[in-house]
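For reference, final.tsv (TSV, C-alpha atoms):
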```tsv
chain	number	residue	atom	x	y	z
A	25	MET	CA	19.73	25.19	27.10
A	26	LEU	CA	21.82	22.85	24.94
A	27	PHE	CA	25.55	23.11	24.37
A	28	ARG	CA	27.59	21.80	21.44
A	29	SER	CA	30.74	20.03	22.57
A	30	MET	CA	33.62	18.50	20.68
A	31	TYR	CA	35.91	15.86	22.13
A	32	GLU	CA	39.16	14.69	20.61
A	33	GLY	CA	40.93	11.46	21.39
A	34	TYR	CA	43.19	8.67	20.28
A	35	GLY	CA	41.77	5.30	19.39
A	36	PRO	CA	43.28	1.89	18.71
A	37	GLY	CA	46.47	2.02	16.67
A	38	GLY	CA	46.79	5.75	17.38
A	39	CYS	CA	43.96	6.78	15.07
A	40	GLY	CA	42.41	10.19	15.66
A	41	ILE	CA	38.79	10.44	16.77
A	42	ILE	CA	36.51	13.47	16.95
A	43	VAL	CA	33.23	13.17	18.84
A	44	THR	CA	30.58	15.86	18.54
A	45	ALA	CA	27.88	16.06	21.18
A	46	LEU	CA	24.82	18.11	22.01
A	47	THR	CA	24.26	18.21	25.75
A	48	ASP	CA	22.39	20.05	28.44
A	49	ASN	CA	25.16	19.33	30.95
A	50	THR	CA	28.82	19.31	29.90
A	51	ASN	CA	29.84	18.53	33.49
A	52	ARG	CA	28.08	15.17	33.06
A	53	THR	CA	28.90	14.44	29.43
A	54	SER	CA	32.66	15.11	29.49
A	55	PRO	CA	33.48	12.50	32.17
A	56	GLU	CA	31.14	9.99	30.53
A	57	ILE	CA	32.89	10.36	27.16
A	58	LYS	CA	36.29	10.10	28.88
A	59	ASN	CA	35.13	6.95	30.66
A	60	ILE	CA	34.11	5.33	27.35
A	61	PHE	CA	37.55	6.06	25.90
A	62	THR	CA	39.33	4.79	29.03
A	63	LYS	CA	37.35	1.54	29.22
A	64	ALA	CA	38.30	0.86	25.59
A	65	GLY	CA	42.00	1.35	26.40
A	66	CYS	CA	42.08	4.65	24.53
A	67	SER	CA	42.60	8.23	25.66
A	68	LEU	CA	40.83	11.53	25.42
A	69	GLY	CA	43.07	14.31	24.13
A	70	ALA	CA	43.30	18.03	24.67
A	71	PRO	CA	41.52	20.45	22.32
A	72	GLY	CA	43.44	20.62	19.05
A	73	SER	CA	45.32	17.37	19.63
A	74	VAL	CA	43.46	15.58	16.83
A	75	ALA	CA	41.53	18.29	14.97
A	76	TRP	CA	44.67	19.39	13.11
A	77	ASN	CA	44.35	16.18	11.06
A	78	PHE	CA	40.78	16.98	9.98
A	79	ALA	CA	39.15	19.68	7.88
A	80	LYS	CA	35.64	20.95	8.54
A	81	ASN	CA	33.46	20.48	5.46
A	82	ALA	CA	31.68	23.81	4.97
A	83	GLU	CA	28.72	22.25	3.15
A	84	THR	CA	27.97	19.30	5.43
A	85	GLY	CA	29.58	20.37	8.70
A	86	ASP	CA	31.37	17.01	8.86
A	87	TRP	CA	35.01	16.56	9.87
A	88	ASP	CA	36.91	15.04	6.95
A	89	PRO	CA	40.36	13.54	7.65
A	90	THR	CA	43.23	15.18	5.76
A	91	SER	CA	45.24	11.96	6.02
A	92	THR	CA	44.24	8.42	6.92
A	93	LEU	CA	45.76	5.64	8.96
A	94	ASP	CA	45.69	1.95	8.07
A	95	LEU	CA	44.80	-0.31	10.99
A	96	ASP	CA	45.22	-4.05	11.37
A	97	ASP	CA	42.16	-6.27	11.82
A	98	LYS	CA	42.48	-6.35	15.61
A	99	ASP	CA	42.56	-2.54	15.88
A	100	ILE	CA	39.66	-2.22	13.42
A	101	GLU	CA	37.54	-4.43	15.69
A	102	LYS	CA	38.52	-2.38	18.75
A	103	LEU	CA	37.72	0.86	16.91
A	104	ALA	CA	34.33	-0.45	15.78
A	105	SER	CA	33.51	-1.37	19.39
A	106	LEU	CA	34.59	2.05	20.65
A	107	VAL	CA	32.55	3.87	17.99
A	108	ASP	CA	29.50	1.73	18.85
A	109	GLN	CA	29.84	2.59	22.54
A	110	LEU	CA	30.20	6.29	21.77
A	111	GLU	CA	27.21	6.30	19.43
A	112	GLU	CA	25.07	4.64	22.13
A	113	HIS	CA	25.59	7.68	24.36
A	114	ASP	CA	22.48	9.87	24.19
A	115	ASP	CA	24.41	13.14	23.78
A	116	VAL	CA	26.75	12.00	21.00
A	117	GLN	CA	25.78	13.33	17.58
A	118	GLU	CA	28.64	12.13	15.33
A	119	VAL	CA	31.91	10.23	15.57
A	120	TYR	CA	34.69	10.88	13.03
A	121	THR	CA	37.95	9.01	12.64
A	122	ASN	CA	40.94	9.10	10.34
A	123	ALA	CA	41.21	5.28	10.24
A	124	GLU	CA	41.04	3.78	6.78
```

What does the file become when written as structure tokens?
Amino acid sequence: MLFRSMYEGYGPGGCGIIVTALTDNTNRTSPEIKNIFTKAGCSLGAPGSVAWNFAKNAETGDWDPTSTLDLDDKDIEKLASLVDQLEEHDDVQEVYTNAE
């Protein structure tokens, strides 16, 4: 049986990040996602902590940011690295951010 999970967190420069995952074991996936955030110097948030700044697109199912955040070059590089690490995780389906 597979479970859909959504994780919310804060990335470099305080940008909001939503991670959607499809997993057979949330007890394994949740700590692994948290570990990726922590190693990148970022933090996983509580449910609803970031989602308020996104709107679910009814047609595509994507999470579209309702407002965006400009990051400096250093934070953009950190965010790109974090997103790459998240996308390498087998259970991660999509990563959304409100960074410009």

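When the distance limit is 8 Å and all atoms listed in the file are what count, the residues near region 58-73 of chain A, minus those fewer than 4 positions from it on the same chain, are Tyr31, Glu32, Gly33, Tyr34, Gly35, Pro36, Ser54, Lys102, Leu106, Gln109 and Leu110 of chain A.
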
(message) For Leu95 (chain A), find every residue with an atom within 8 Å (counting all atoms listed in the file), except residues of its own chain fewer than 2 positions away, and show them as a VMD selection string.
(response) chain A and resid 37 93 97 to 100 123 to 124

Selected residues written out with C-alpha atoms, as a PDB file, in the coordinates of the input:
```
ATOM      1  CA  GLY A  37      46.470   2.020  16.670  1.00  0.00           C
ATOM      2  CA  LEU A  93      45.760   5.640   8.960  1.00  0.00           C
ATOM      3  CA  ASP A  97      42.160  -6.270  11.820  1.00  0.00           C
ATOM      4  CA  LYS A  98      42.480  -6.350  15.610  1.00  0.00           C
ATOM      5  CA  ASP A  99      42.560  -2.540  15.880  1.00  0.00           C
ATOM      6  CA  ILE A 100      39.660  -2.220  13.420  1.00  0.00           C
ATOM      7  CA  ALA A 123      41.210   5.280  10.240  1.00  0.00           C
ATOM      8  CA  GLU A 124      41.040   3.780   6.780  1.00  0.00           C
TER       9      GLU A 124
END
```

(request) Could you check which of A:Asn51, A:Gln117, A:Ser105, A:Thr90 is closest to Asn77 (chain A), using only C-alpha atoms? (result)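 The closest residue to Asn77 (chain A) is A:Thr90.
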
(message) From the options A:Asp108, A:Asp96, A:Asp88, A:Glu101, which residue's atoms come nearest to Thr121 (chain A), counting all atoms listed in the file?
(response) A:Asp88

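Taking all atoms listed in the file into account, Met25 (chain A) lies nearest to A:Asn49 out of the set A:Asn49, A:Asp94, A:Ile41, A:Asn122.
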
(request) Using all atoms listed in the file, pick whichever of A:Ala79, A:Ala104, A:Val116, A:Val74 has the shortest atom-to-atom distance to Asp48 (chain A). (result) A:Val116

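Closest approach to Leu26 (chain A) among A:Thr50, A:Val43, A:Thr84, A:Pro55: A:Thr50, based on only C-alpha atoms.
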
(message) Just checking: using all atoms listed in the file, which residue out of A:Ala75, A:Met30, A:Ala82, A:Ile57 ends up closest to Ala45 (chain A)?
(response)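 Of the candidates, the smallest distance to Ala45 (chain A) is held by A:Met30.
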
(request) Have a look at CA of Pro89 (chain A) and CA of Asp115 (chain A) and let me know their distance in Å, one decimal. (result)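 Distance reported for this atom pair: 22.7 Å.
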
(request) Rounded to one decimal place, report the CA of Cys39 (chain A)-CA of Phe78 (chain A) distance in Å. (result)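 Separation of CA of Cys39 (chain A) and CA of Phe78 (chain A): 11.8 Å.
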